[in-house]
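Data block for data.csv (CSV, C-alpha atoms and all ligand atoms):
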```csv
chain,number,residue,atom,x,y,z
A,334,MET,CA,-7.8,-22.2,-25.4
A,335,MET,CA,-7.7,-18.7,-23.8
A,336,ARG,CA,-8.8,-18.0,-20.2
A,337,CYS,CA,-9.8,-14.4,-19.8
A,338,PHE,CA,-9.4,-12.4,-16.6
A,339,VAL,CA,-10.5,-8.8,-15.9
A,340,ASP,CA,-7.8,-6.3,-15.0
A,341,SER,CA,-9.8,-3.9,-12.9
A,342,ALA,CA,-11.1,-3.1,-9.4
A,343,ASP,CA,-14.2,-1.3,-10.7
A,344,ASP,CA,-16.7,-3.2,-8.6
A,345,ALA,CA,-19.6,-2.7,-11.0
A,346,ALA,CA,-17.8,-3.6,-14.1
A,347,VAL,CA,-16.0,-6.6,-12.5
A,348,GLY,CA,-19.2,-7.8,-10.9
A,349,ALA,CA,-21.1,-7.7,-14.2
A,350,LEU,CA,-18.5,-9.7,-16.0
A,351,LEU,CA,-18.4,-12.3,-13.2
A,352,ARG,CA,-22.2,-12.5,-13.0
A,353,GLU,CA,-22.4,-13.1,-16.7
A,354,ARG,CA,-19.6,-15.8,-16.3
A,355,LEU,CA,-17.5,-14.1,-18.9
A,356,VAL,CA,-14.2,-14.1,-16.9
A,357,HIS,CA,-12.4,-16.7,-14.8
A,358,GLY,CA,-11.2,-14.2,-12.2
A,359,VAL,CA,-9.8,-10.7,-11.4
A,360,THR,CA,-6.3,-9.3,-11.6
A,361,THR,CA,-5.4,-6.1,-9.7
A,362,ASN,CA,-2.3,-4.1,-8.7
A,363,PRO,CA,-1.9,-1.1,-6.5
A,364,THR,CA,-2.4,1.3,-9.5
A,365,ILE,CA,-5.7,-0.4,-10.4
A,366,LEU,CA,-6.9,-0.3,-6.8
A,367,ALA,CA,-6.1,3.4,-6.6
A,368,ALA,CA,-7.8,4.1,-9.9
A,369,ALA,CA,-10.9,2.5,-8.6
A,370,GLY,CA,-10.8,4.7,-5.5
A,371,LEU,CA,-10.7,1.7,-3.2
A,372,GLU,CA,-9.8,2.0,0.5
A,373,TRP,CA,-7.5,-0.7,1.9
A,374,SER,CA,-10.0,-1.5,4.6
A,375,ALA,CA,-12.7,-2.2,2.0
A,376,LEU,CA,-10.6,-4.7,0.0
A,377,PRO,CA,-11.4,-7.9,1.9
A,378,ARG,CA,-15.1,-7.4,1.5
A,379,ILE,CA,-14.9,-6.5,-2.2
A,380,VAL,CA,-12.6,-9.5,-2.9
A,381,ARG,CA,-14.9,-11.9,-1.1
A,382,GLY,CA,-17.8,-10.5,-3.1
A,383,TRP,CA,-16.0,-11.3,-6.4
A,384,ILE,CA,-15.4,-14.8,-5.1
A,385,GLU,CA,-19.0,-15.3,-4.2
A,386,LEU,CA,-19.8,-14.2,-7.8
A,387,GLY,CA,-17.7,-17.0,-9.1
A,388,ALA,CA,-14.1,-15.7,-9.4
A,389,SER,CA,-11.9,-18.7,-9.3
A,390,GLU,CA,-8.8,-16.7,-8.7
A,391,VAL,CA,-8.3,-13.1,-7.5
A,392,PHE,CA,-4.8,-11.7,-7.9
A,393,LEU,CA,-3.7,-9.2,-5.3
A,394,GLN,CA,-0.2,-7.6,-5.4
A,395,THR,CA,2.2,-7.5,-2.5
A,396,TRP,CA,4.3,-4.4,-2.0
A,397,GLY,CA,7.3,-3.1,-0.2
A,398,SER,CA,10.9,-2.5,-1.2
A,399,GLU,CA,12.3,-5.1,1.2
A,400,ARG,CA,11.8,-8.8,1.4
A,401,ALA,CA,10.4,-8.9,4.9
A,402,ALA,CA,7.7,-6.3,4.1
A,403,MET,CA,6.8,-8.1,0.9
A,404,LEU,CA,6.3,-11.4,2.7
A,405,GLU,CA,4.3,-9.8,5.5
A,406,HIS,CA,2.0,-8.0,3.0
A,407,ALA,CA,1.6,-11.2,1.0
A,408,GLU,CA,0.5,-13.0,4.1
A,409,ALA,CA,-2.1,-10.3,4.9
A,410,LEU,CA,-3.5,-10.5,1.3
A,411,ARG,CA,-3.5,-14.3,1.3
A,412,ALA,CA,-5.5,-14.3,4.6
A,413,ILE,CA,-8.4,-12.6,2.8
A,414,ALA,CA,-9.5,-15.8,1.0
A,415,PRO,CA,-8.1,-19.1,-0.3
A,416,GLU,CA,-8.8,-18.0,-3.8
A,417,VAL,CA,-6.4,-15.1,-3.5
A,418,ALA,CA,-3.2,-15.5,-5.6
A,419,ILE,CA,-0.2,-13.3,-4.9
A,420,LYS,CA,1.3,-11.1,-7.5
A,421,VAL,CA,4.9,-10.1,-7.0
A,422,PRO,CA,6.8,-7.6,-9.1
A,423,ALA,CA,9.6,-9.2,-11.1
A,424,THR,CA,12.4,-7.4,-9.4
A,425,GLU,CA,15.5,-9.1,-7.9
A,426,VAL,CA,13.9,-8.9,-4.4
A,427,GLY,CA,10.6,-10.0,-5.9
A,428,PHE,CA,12.1,-13.2,-7.3
A,429,GLY,CA,13.3,-14.2,-3.9
A,430,VAL,CA,10.0,-13.4,-2.3
A,431,ALA,CA,8.2,-15.4,-5.1
A,432,ALA,CA,10.4,-18.4,-4.5
A,433,THR,CA,9.6,-18.4,-0.8
A,434,LEU,CA,5.9,-18.1,-1.4
A,435,VAL,CA,6.0,-21.0,-3.9
A,436,GLU,CA,7.8,-23.1,-1.2
A,437,ARG,CA,5.0,-22.2,1.1
A,438,GLY,CA,2.5,-23.6,-1.4
A,439,GLU,CA,1.1,-20.2,-2.6
A,440,THR,CA,-0.2,-19.5,-6.1
A,441,VAL,CA,2.2,-16.9,-7.3
A,442,LEU,CA,2.3,-14.6,-10.3
A,443,LEU,CA,5.4,-12.7,-11.2
A,444,THR,CA,4.2,-9.4,-12.7
A,445,ALA,CA,5.7,-6.9,-15.0
A,446,VAL,CA,8.0,-9.5,-16.7
A,447,TYR,CA,9.9,-7.8,-19.5
A,448,GLU,CA,12.7,-10.2,-20.3
A,449,ALA,CA,12.9,-13.8,-21.5
A,450,PRO,CA,15.5,-14.8,-19.0
A,451,GLN,CA,13.1,-13.7,-16.2
A,452,ALA,CA,10.6,-16.1,-17.7
A,453,LEU,CA,13.1,-18.9,-17.5
A,454,VAL,CA,14.0,-18.2,-13.9
A,455,ALA,CA,10.3,-17.9,-13.0
A,456,ALA,CA,9.7,-21.4,-14.4
A,457,SER,CA,12.8,-22.7,-12.6
A,458,ILE,CA,11.5,-21.5,-9.2
A,459,GLY,CA,8.0,-22.9,-10.0
A,460,VAL,CA,5.8,-19.8,-10.0
A,461,ARG,CA,2.3,-20.6,-11.5
A,462,TYR,CA,2.1,-17.6,-13.7
A,463,ILE,CA,4.1,-14.8,-15.2
A,464,ALA,CA,2.5,-11.6,-16.6
A,465,PRO,CA,4.5,-9.9,-19.4
A,466,TYR,CA,3.1,-6.5,-20.3
A,467,VAL,CA,2.4,-6.7,-24.1
A,468,GLY,CA,1.3,-3.0,-24.6
A,469,ARG,CA,4.0,-1.6,-22.5
A,470,LEU,CA,6.7,-3.6,-24.4
A,471,ASP,CA,5.3,-2.0,-27.5
A,472,ASP,CA,5.4,1.4,-25.8
A,473,ALA,CA,9.1,0.9,-25.1
A,474,GLY,CA,9.7,0.4,-28.8
A,475,ARG,CA,9.9,-3.4,-28.6
A,476,ASP,CA,7.8,-6.1,-30.3
A,477,GLY,CA,5.5,-7.1,-27.5
A,478,LEU,CA,3.8,-10.0,-29.3
A,479,GLN,CA,7.0,-11.4,-30.5
A,480,GLU,CA,8.7,-11.2,-27.1
A,481,VAL,CA,5.7,-12.8,-25.4
A,482,ALA,CA,5.7,-15.5,-28.1
A,483,THR,CA,9.3,-16.3,-27.3
A,484,MET,CA,8.5,-16.5,-23.6
A,485,ALA,CA,5.6,-18.9,-24.4
A,486,GLU,CA,8.0,-21.1,-26.3
A,487,LEU,CA,10.5,-21.1,-23.5
A,488,LEU,CA,7.8,-22.0,-21.0
A,489,ARG,CA,6.2,-24.8,-23.0
A,490,GLY,CA,6.0,-28.0,-21.0
A,491,SER,CA,6.8,-26.2,-17.7
A,492,GLY,CA,4.3,-25.6,-14.9
A,493,THR,CA,4.5,-21.9,-15.5
A,494,GLU,CA,1.8,-20.2,-17.6
A,495,ILE,CA,1.8,-16.8,-19.3
A,496,LEU,CA,-1.1,-14.6,-18.1
A,497,ALA,CA,-0.5,-11.8,-20.6
A,498,ALA,CA,-1.3,-8.3,-19.3
A,499,SER,CA,-1.4,-4.7,-20.7
A,500,VAL,CA,-3.6,-6.3,-23.4
A,501,ARG,CA,-5.3,-3.3,-25.0
A,502,SER,CA,-7.4,-4.7,-27.8
A,503,PRO,CA,-9.4,-7.8,-28.8
A,504,GLN,CA,-7.0,-8.2,-31.8
A,505,VAL,CA,-4.1,-8.6,-29.4
A,506,MET,CA,-6.0,-11.3,-27.5
A,507,VAL,CA,-6.3,-13.2,-30.7
A,508,ALA,CA,-2.7,-12.7,-31.7
A,509,LEU,CA,-1.6,-13.9,-28.3
A,510,ALA,CA,-3.7,-17.1,-28.6
A,511,GLU,CA,-2.2,-17.7,-32.0
A,512,ARG,CA,1.2,-17.6,-30.3
A,513,GLY,CA,0.3,-20.2,-27.8
A,514,VAL,CA,-0.7,-17.9,-24.9
A,515,THR,CA,-3.4,-19.5,-22.8
A,516,ALA,CA,-4.4,-16.8,-20.3
A,517,CYS,CA,-4.8,-13.0,-20.5
A,518,THR,CA,-6.1,-10.1,-18.5
A,519,ALA,CA,-7.6,-7.0,-19.9
A,520,ARG,CA,-9.7,-4.0,-18.9
A,521,PRO,CA,-13.5,-4.5,-18.9
A,522,GLU,CA,-13.9,-2.3,-22.0
A,523,VAL,CA,-11.4,-4.5,-24.0
A,524,LEU,CA,-13.2,-7.7,-22.9
A,525,ARG,CA,-16.6,-6.2,-23.9
A,526,ALA,CA,-15.2,-5.1,-27.2
A,527,ALA,CA,-14.1,-8.8,-27.8
A,528,LEU,CA,-17.9,-9.7,-27.7
A,529,ALA,CA,-19.0,-7.2,-30.2
A,530,SER,CA,-19.7,-7.7,-33.9
A,531,ALA,CA,-22.0,-5.4,-36.0
A,532,ASP,CA,-22.6,-8.4,-38.3
A,533,ALA,CA,-23.6,-10.7,-35.4
A,534,ASP,CA,-26.0,-7.9,-34.2
A,535,ALA,CA,-27.5,-7.6,-37.7
A,536,ALA,CA,-27.9,-11.4,-37.8
A,537,ALA,CA,-29.6,-11.4,-34.4
A,538,ARG,CA,-32.0,-8.7,-35.6
A,539,GLY,CA,-32.9,-10.9,-38.6
A,540,PHE,CA,-33.6,-13.8,-36.3
A,541,GLU,CA,-35.8,-11.6,-34.1
A,542,ALA,CA,-37.8,-10.3,-37.1
A,543,ALA,CA,-38.3,-13.9,-38.5
A,544,MET,CA,-39.4,-15.1,-35.1
A,545,ASP,CA,-41.9,-12.2,-34.8
A,546,GLY,CA,-43.4,-13.4,-38.1
A,547,LEU,CA,-43.6,-17.0,-36.9
A,548,LEU,CA,-45.3,-16.0,-33.7
A,549,ARG,CA,-47.9,-13.7,-35.3
A,550,PRO,CA,-51.3,-15.5,-35.6
A,551,ALA,CA,-51.8,-16.6,-39.2
A,552,ALA,CA,-54.6,-14.7,-41.1
A,553,PRO,CA,-57.8,-16.9,-41.4
A,554,ASP,CA,-58.4,-18.7,-44.7
A,555,ARG,CA,-61.2,-17.1,-46.9
A,601,LIG,O1,-2.0,-5.4,-15.5
A,601,LIG,C1,-1.1,-4.5,-16.1
A,601,LIG,C2,-1.9,-3.4,-16.7
A,601,LIG,O2,-2.7,-2.9,-15.7
A,601,LIG,C3,-1.2,-2.4,-17.4
A,601,LIG,O3,-1.9,-2.0,-18.5
A,601,LIG,O4,-2.6,-0.8,-20.5
A,601,LIG,O5,-1.8,0.4,-18.5
A,601,LIG,O6,-0.2,-0.9,-19.8
A,601,LIG,P1,-1.6,-0.7,-19.4
```
Translate this structure into structure tokens?
Amino acid sequence: MMRCFVDSADDAAVGALLRERLVHGVTTNPTILAAAGLEWSALPRIVRGWIELGASEVFLQTWGSERAAMLEHAEALRAIAPEVAIKVPATEVGFGVAATLVERGETVLLTAVYEAPQALVAASIGVRYIAPYVGRLDDAGRDGLQEVATMAELLRGSGTEILAASVRSPQVMVALAERGVTACTARPEVLRAALASADADAAARGFEAAMDGLLRPAAPDR
């Protein structure tokens, strides 16, 4: 089964998906926050709003080139709400930060995972999730689906789950599920596209027309 998250900080689009119960939670990173024009001071209020709307996990990414800064920022993000999970970039410093946060009992996601050995170490230190970037692996001339499938195989039976990111089409969501991936995050428009079918719409129009006929008062017998 695939759990879907929305990869956006567009409050209207995220709020709509949460209200409709179409996603489990929200993933963000500094680029996504900047694209949404969010101010740092507004973040706690917005995140708590998503949680009130039913987000079971909201992923916020720590930052800083040094360990101490990353840990300090992680603490500030975590203080926003218990449902906040901490994303950490999969750099050498990030791995050490992730291990410390895991020891402290935090839910940790290592993000921008590009290599299978990184997946192995992530499982070894006990992070809850890794986020390989499927589309960006393809952009780099690699086979994103194949590489994520290898990671999924390596992680099988561990407590570390792939939450695939940079997922740019509903077809990629399906291909990931076929390869054993159980969580993904995508932009709102990709998730909306996953709901759409011209044939389903035509079938629904047929049902509506039939129902109209059933509800119309029968002509009196002559
Ligand atoms: O979560 C990662 C994502 O934001 C990157 O997506 O499509 O810009 O590679 P994309």
Query raised in the report: Neighbours of Trp396 in chain A within 8 Å (all atoms listed in the file; same-chain residues fewer than 3 positions away dropped), as a PyMOL selection string?
Result: chain A and resi 402-403+406-407+421
Query raised in the report: Looking at only C-alpha atoms and all ligand atoms, which of A:Leu496, A:Leu478, A:Ile365, A:Ala543 is the one that sits closest to ligand LIG 601 (chain A)?
Result: A:Ile365
Query - Best match for closeness to ligand LIG 601 (chain A) among A:Met484, A:Ala535, A:Cys517, A:Val460, counting only C-alpha atoms and all ligand atoms - result: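 Smallest distance to ligand LIG 601 (chain A) is found for A:Cys517.
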Report summary line: Counting all atoms listed in the file, the residue among A:Ala345, A:Arg352, A:Gly459, A:Glu448 that lies closest to Arg475 in chain A is A:Glu448
Requested in this report: Please check which protein, DNA or RNA residues sit within 12 Å of ligand LIG 601 (chain A), counting all atoms listed in the file, and write them as a ChimeraX atom specification.
Outcome: /A:338-342,359-368,392-394,420-422,442-447,463-473,477,496-502,505,517-523
Taking the structure I provided as the source, export range 348-361 of chain A with all heavy atoms, as a PDB file, in the first residue's frame.
```pdb
ATOM      1  N   GLY A 348      -3.907  22.650   2.387  1.00  0.00           N
ATOM      2  CA  GLY A 348      -5.106  22.607   3.231  1.00  0.00           C
ATOM      3  C   GLY A 348      -6.225  21.842   2.547  1.00  0.00           C
ATOM      4  O   GLY A 348      -6.918  21.032   3.187  1.00  0.00           O
ATOM      5  N   ALA A 349      -6.406  22.060   1.248  1.00  0.00           N
ATOM      6  CA  ALA A 349      -7.488  21.366   0.531  1.00  0.00           C
ATOM      7  C   ALA A 349      -7.257  19.853   0.542  1.00  0.00           C
ATOM      8  O   ALA A 349      -8.174  19.073   0.823  1.00  0.00           O
ATOM      9  CB  ALA A 349      -7.583  21.887  -0.902  1.00  0.00           C
ATOM     10  N   LEU A 350      -6.037  19.428   0.282  1.00  0.00           N
ATOM     11  CA  LEU A 350      -5.752  17.980   0.262  1.00  0.00           C
ATOM     12  C   LEU A 350      -5.943  17.365   1.647  1.00  0.00           C
ATOM     13  O   LEU A 350      -6.426  16.231   1.773  1.00  0.00           O
ATOM     14  CB  LEU A 350      -4.318  17.742  -0.237  1.00  0.00           C
ATOM     15  CG  LEU A 350      -4.122  17.971  -1.739  1.00  0.00           C
ATOM     16  CD1 LEU A 350      -2.644  18.126  -2.079  1.00  0.00           C
ATOM     17  CD2 LEU A 350      -4.716  16.805  -2.540  1.00  0.00           C
ATOM     18  N   LEU A 351      -5.574  18.109   2.688  1.00  0.00           N
ATOM     19  CA  LEU A 351      -5.752  17.587   4.051  1.00  0.00           C
ATOM     20  C   LEU A 351      -7.236  17.513   4.417  1.00  0.00           C
ATOM     21  O   LEU A 351      -7.695  16.512   4.971  1.00  0.00           O
ATOM     22  CB  LEU A 351      -5.009  18.468   5.057  1.00  0.00           C
ATOM     23  CG  LEU A 351      -3.475  18.341   5.030  1.00  0.00           C
ATOM     24  CD1 LEU A 351      -2.839  19.455   5.864  1.00  0.00           C
ATOM     25  CD2 LEU A 351      -3.031  16.970   5.555  1.00  0.00           C
ATOM     26  N   ARG A 352      -7.967  18.584   4.089  1.00  0.00           N
ATOM     27  CA  ARG A 352      -9.408  18.594   4.404  1.00  0.00           C
ATOM     28  C   ARG A 352     -10.123  17.431   3.731  1.00  0.00           C
ATOM     29  O   ARG A 352     -11.030  16.840   4.286  1.00  0.00           O
ATOM     30  CB  ARG A 352     -10.048  19.896   3.910  1.00  0.00           C
ATOM     31  CG  ARG A 352     -10.053  20.958   4.942  1.00  0.00           C
ATOM     32  CD  ARG A 352     -10.862  22.175   4.513  1.00  0.00           C
ATOM     33  NE  ARG A 352     -10.250  23.311   5.141  1.00  0.00           N
ATOM     34  CZ  ARG A 352      -9.341  24.106   4.578  1.00  0.00           C
ATOM     35  NH1 ARG A 352      -9.010  23.921   3.324  1.00  0.00           N
ATOM     36  NH2 ARG A 352      -8.797  25.086   5.258  1.00  0.00           N
ATOM     37  N   GLU A 353      -9.706  17.144   2.496  1.00  0.00           N
ATOM     38  CA  GLU A 353     -10.352  16.049   1.752  1.00  0.00           C
ATOM     39  C   GLU A 353      -9.816  14.678   2.171  1.00  0.00           C
ATOM     40  O   GLU A 353     -10.232  13.664   1.607  1.00  0.00           O
ATOM     41  CB  GLU A 353     -10.126  16.236   0.246  1.00  0.00           C
ATOM     42  CG  GLU A 353     -10.859  17.442  -0.329  1.00  0.00           C
ATOM     43  CD  GLU A 353     -10.445  17.698  -1.765  1.00  0.00           C
ATOM     44  OE1 GLU A 353     -10.932  16.984  -2.658  1.00  0.00           O
ATOM     45  OE2 GLU A 353      -9.606  18.596  -1.994  1.00  0.00           O
ATOM     46  N   ARG A 354      -8.873  14.658   3.134  1.00  0.00           N
ATOM     47  CA  ARG A 354      -8.288  13.402   3.642  1.00  0.00           C
ATOM     48  C   ARG A 354      -7.563  12.619   2.541  1.00  0.00           C
ATOM     49  O   ARG A 354      -7.620  11.387   2.513  1.00  0.00           O
ATOM     50  CB  ARG A 354      -9.390  12.507   4.254  1.00  0.00           C
ATOM     51  CG  ARG A 354     -10.104  13.138   5.433  1.00  0.00           C
ATOM     52  CD  ARG A 354      -9.170  13.168   6.646  1.00  0.00           C
ATOM     53  NE  ARG A 354      -9.793  13.714   7.821  1.00  0.00           N
ATOM     54  CZ  ARG A 354      -9.640  14.983   8.235  1.00  0.00           C
ATOM     55  NH1 ARG A 354      -8.902  15.831   7.535  1.00  0.00           N
ATOM     56  NH2 ARG A 354     -10.207  15.396   9.336  1.00  0.00           N
ATOM     57  N   LEU A 355      -6.935  13.346   1.622  1.00  0.00           N
ATOM     58  CA  LEU A 355      -6.281  12.675   0.496  1.00  0.00           C
ATOM     59  C   LEU A 355      -4.795  12.423   0.745  1.00  0.00           C
ATOM     60  O   LEU A 355      -4.163  11.693  -0.023  1.00  0.00           O
ATOM     61  CB  LEU A 355      -6.462  13.505  -0.782  1.00  0.00           C
ATOM     62  CG  LEU A 355      -7.911  13.587  -1.281  1.00  0.00           C
ATOM     63  CD1 LEU A 355      -8.041  14.535  -2.458  1.00  0.00           C
ATOM     64  CD2 LEU A 355      -8.433  12.206  -1.663  1.00  0.00           C
ATOM     65  N   VAL A 356      -4.237  13.042   1.767  1.00  0.00           N
ATOM     66  CA  VAL A 356      -2.811  12.832   2.068  1.00  0.00           C
ATOM     67  C   VAL A 356      -2.640  12.593   3.569  1.00  0.00           C
ATOM     68  O   VAL A 356      -3.453  13.033   4.375  1.00  0.00           O
ATOM     69  CB  VAL A 356      -1.942  14.034   1.635  1.00  0.00           C
ATOM     70  CG1 VAL A 356      -1.837  14.124   0.124  1.00  0.00           C
ATOM     71  CG2 VAL A 356      -2.458  15.348   2.213  1.00  0.00           C
ATOM     72  N   HIS A 357      -1.556  11.886   3.888  1.00  0.00           N
ATOM     73  CA  HIS A 357      -1.277  11.597   5.302  1.00  0.00           C
ATOM     74  C   HIS A 357      -0.582  12.756   5.996  1.00  0.00           C
ATOM     75  O   HIS A 357      -0.645  12.869   7.222  1.00  0.00           O
ATOM     76  CB  HIS A 357      -0.398  10.354   5.412  1.00  0.00           C
ATOM     77  CG  HIS A 357      -1.159   9.107   5.145  1.00  0.00           C
ATOM     78  ND1 HIS A 357      -1.706   8.325   6.126  1.00  0.00           N
ATOM     79  CD2 HIS A 357      -1.512   8.527   3.974  1.00  0.00           C
ATOM     80  CE1 HIS A 357      -2.341   7.311   5.598  1.00  0.00           C
ATOM     81  NE2 HIS A 357      -2.247   7.404   4.285  1.00  0.00           N
ATOM     82  N   GLY A 358       0.142  13.549   5.221  1.00  0.00           N
ATOM     83  CA  GLY A 358       0.892  14.619   5.851  1.00  0.00           C
ATOM     84  C   GLY A 358       1.581  15.481   4.811  1.00  0.00           C
ATOM     85  O   GLY A 358       1.258  15.406   3.613  1.00  0.00           O
ATOM     86  N   VAL A 359       2.526  16.281   5.268  1.00  0.00           N
ATOM     87  CA  VAL A 359       3.129  17.320   4.437  1.00  0.00           C
ATOM     88  C   VAL A 359       4.656  17.211   4.541  1.00  0.00           C
ATOM     89  O   VAL A 359       5.186  17.041   5.646  1.00  0.00           O
ATOM     90  CB  VAL A 359       2.693  18.718   4.939  1.00  0.00           C
ATOM     91  CG1 VAL A 359       3.164  19.811   3.985  1.00  0.00           C
ATOM     92  CG2 VAL A 359       1.178  18.784   5.131  1.00  0.00           C
ATOM     93  N   THR A 360       5.317  17.324   3.388  1.00  0.00           N
ATOM     94  CA  THR A 360       6.782  17.398   3.401  1.00  0.00           C
ATOM     95  C   THR A 360       7.203  18.765   2.860  1.00  0.00           C
ATOM     96  O   THR A 360       6.587  19.286   1.922  1.00  0.00           O
ATOM     97  CB  THR A 360       7.421  16.287   2.540  1.00  0.00           C
ATOM     98  OG1 THR A 360       6.911  16.384   1.206  1.00  0.00           O
ATOM     99  CG2 THR A 360       7.104  14.906   3.082  1.00  0.00           C
ATOM    100  N   THR A 361       8.220  19.326   3.471  1.00  0.00           N
ATOM    101  CA  THR A 361       8.728  20.622   3.009  1.00  0.00           C
ATOM    102  C   THR A 361      10.258  20.577   3.020  1.00  0.00           C
ATOM    103  O   THR A 361      10.852  19.645   3.557  1.00  0.00           O
ATOM    104  CB  THR A 361       8.288  21.780   3.930  1.00  0.00           C
ATOM    105  OG1 THR A 361       8.975  21.652   5.179  1.00  0.00           O
ATOM    106  CG2 THR A 361       6.789  21.796   4.172  1.00  0.00           C
TER     107      THR A 361
END
```
